[in-house]
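The structure appears right after this line, and notes come after that.
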Amino acid sequence: MIGKPYRSYVAIGDSLSEGLGDFTFKNSRHHNGWTDRLAGLLAQEAADSGFEFQYANLALRGAKLQKIIQGQLPQALYLQPDLVTVMAGSNDIMTRPSSLPQLRDSLRDGVHQLLAAGCDVMLANTINPIHLKLFKPMRQKAELFSTLIETVADEFEIPMLDVFGIQDFENLAYWAEDMVHFSGQGHIRVANDAAALLDLNYRYVNPELTAVSRGLVETAKWVTRDVLPFFDRKLKGVTSGDGMQPKHSALSPYSPRVKHPNWEMTIR
């Protein structure tokens, strides 16, 4: 690792890194998501040492691994940050097994480019879809893709954020209404796990979990609101991120303090 405190950080990835599902994401994309939260912790560490901290988030919803490596990663290289996190693969879970070696090579090449440019890199594996019975048939494919990511992290001896292995994510309280993105509590949990992996001094205080109801009425609303539009996009060959721009496309100063109780920090 380059060493703390980090003075700049770029996040690349899909909707999970963009921040969908966090407490106030529907009001603003900014200051939402585990990556923004990790940036807040990194900013506090930098501030403690008297350094300015800069942050960019290039992640976009719907992005698959290949698009992230071919599109977002060159932008991250251009920005020359100290740290890059790569969360990719959750949109690739249903990929044909025959395509996995090529995707691994693409991820490996991307990580090699980042390391050669002097960036520290943290990889994150995929979600583990076990929180709904409907999703459980996808678990084996998710595990296969997560293993692919882990082999790349092992090869380069870089930190690997084990999202797939968070057993607490069986609890629906860690998931947003759409059941595919982290809730605010989920984003905080992932940010804190990332902070532990980087041996940071700060963590977020996670608010108390609330019980989630998944009765017939809630399930019907979910199918209408989230499931049917997803399959409609699949049939049309589009993603939810088409035509959108990243929320933080350039490195800019990032404050560790947001006046909101869900951003309260504590010393570990």
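Residues in the structure tokens are named by chain (A, B, ... in the order shown) and by number from 1 within that chain; ligands are numbered from 1 in the order shown.
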Find the residues around Met138 (chain A) up to 9 Å (only C-alpha atoms counted), leave out those fewer than 5 positions away in its own chain, and share them as a list in words. Ile93, Met94, Asn128, Pro129, Ile130 and Glu143 of chain A
Enumerate, in order of chain and increasing residue number, the residues of region 109-221 of chain A with an atom no farther than 6 Å from region 15-28 of chain A, each with its shortest atom pair and distance in Å to one decimal, counting only C-alpha atoms, as CSV.
residue,atom,partner,partner_atom,distance
A:Ala176,CA,A:Gly21,CA,5.0
A:His181,CA,A:Gly21,CA,5.5
A:Phe182,CA,A:Gly21,CA,5.5
A:Ser183,CA,A:Gly21,CA,4.9
A:Gly184,CA,A:Asp22,CA,4.0
Take the residues from that selection and write them out as a tab-separated table (two decimals), in the first residue's frame, keeping C-alpha atoms.
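See selection_32.tsv below for the written result:
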chain	number	residue	atom	x	y	z
A	176	ALA	CA	-33.28	-1.35	-0.22
A	181	HIS	CA	-29.18	-2.56	-3.74
A	182	PHE	CA	-27.88	-2.03	-0.24
A	183	SER	CA	-30.06	-0.08	2.16
A	184	GLY	CA	-28.49	2.76	4.13
Could you name the residues that touch Val152 (chain A) at 10 Å or less, counting only C-alpha atoms, but leaving out those on the same chain fewer than 2 positions away, as a PyMOL selection string? chain A and resi 104-105+107-109+111-112+123+147-150+154-158+160
Selected residues written out, C-alpha atoms, as a short mmCIF file (atom, residue, chain, number, x, y, z; two decimals), in the first residue's frame:
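To be explicit, this is the file written out as selection07.cif:
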data_model
loop_
_atom_site.label_atom_id
_atom_site.label_comp_id
_atom_site.auth_asym_id
_atom_site.auth_seq_id
_atom_site.Cartn_x
_atom_site.Cartn_y
_atom_site.Cartn_z
CA ARG A 104 -11.02 -12.53 -15.60
CA ASP A 105 -8.31 -11.52 -18.06
CA LEU A 107 -10.17 -7.55 -14.77
CA ARG A 108 -6.60 -8.71 -14.33
CA ASP A 109 -5.37 -6.37 -17.05
CA VAL A 111 -5.79 -4.08 -12.04
CA HIS A 112 -2.32 -4.40 -13.57
CA LEU A 123 -11.35 -5.16 -5.29
CA THR A 147 -14.18 -16.58 -6.76
CA LEU A 148 -13.00 -15.19 -10.10
CA ILE A 149 -12.52 -11.76 -8.50
CA GLU A 150 -10.81 -13.26 -5.47
CA ASP A 154 -4.82 -13.02 -4.56
CA GLU A 155 -2.57 -12.89 -7.60
CA PHE A 156 -1.72 -9.23 -7.06
CA GLU A 157 -1.85 -9.47 -3.25
CA ILE A 158 -4.29 -6.58 -2.96
CA MET A 160 -10.40 -7.92 -1.38
#
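Residue neighbourhood of region 31-47 of chain A, excluding near-sequence residues (fewer than 3 positions): Pro5, Tyr6, Arg7, Ala11, Ser17, Glu18, Gly19, Leu20, Asp22, Thr24, Phe25, Gly50, Phe51, Glu52, Phe53, Tyr55, His187, Ile188, Val190, Ala191, Ala195, Tyr202, Tyr254, Ser255 and Pro256 of chain A, at 7 Å, using only C-alpha atoms.
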Residues of region 62-254 of chain A classed as helix (DSSP H, G or I) by DSSP on the backbone are to be reported as a PyMOL selection string. chain A and resi 65-79+97-116+133-156+167-170+172-174+184-197+216-236
Those in region 83-257 of chain A with strand (DSSP E or B) from DSSP, as a ChimeraX atom specification: /A:83-87,120-124,160-161,175,182,202-204,248-253
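Taking CA of Ile267 (chain A) as the reference point, CA of Leu251 (chain A) is found at 26.5 Å.
One distance worth recording is that between CA of Ala173 (chain A) and CA of Lys133 (chain A), which is 15.4 Å.
Interatomic distance, CA of Ala124 (chain A) to CA of Glu264 (chain A): 24.2 Å.
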List as a short mmCIF file (atom, residue, chain, number, x, y, z; two decimals) with C-alpha atoms, in the first residue's frame the protein and nucleic acid residues near Arg268 (chain A), meaning an atom at most 10 Å away when only C-alpha atoms are counted, but skip any in the same chain fewer than 5 places from it.
data_model
loop_
_atom_site.label_atom_id
_atom_site.label_comp_id
_atom_site.auth_asym_id
_atom_site.auth_seq_id
_atom_site.Cartn_x
_atom_site.Cartn_y
_atom_site.Cartn_z
CA ASN A 192 -17.00 0.05 7.59
CA ALA A 195 -12.31 0.88 6.33
CA ALA A 196 -11.26 -2.14 8.40
CA ASP A 199 -6.87 -0.19 8.67
CA LEU A 200 -8.49 3.23 8.97
CA ASN A 201 -9.08 4.81 12.37
CA TYR A 202 -12.73 5.78 11.85
CA ARG A 203 -16.02 3.95 11.40
CA TYR A 204 -19.65 5.00 10.94
#
Return the single residue from A:Ala250, A:Ser99, A:Gln66, A:Arg189 that is closest to Ser8 (chain A), with distances computed using only C-alpha atoms. A:Ala250
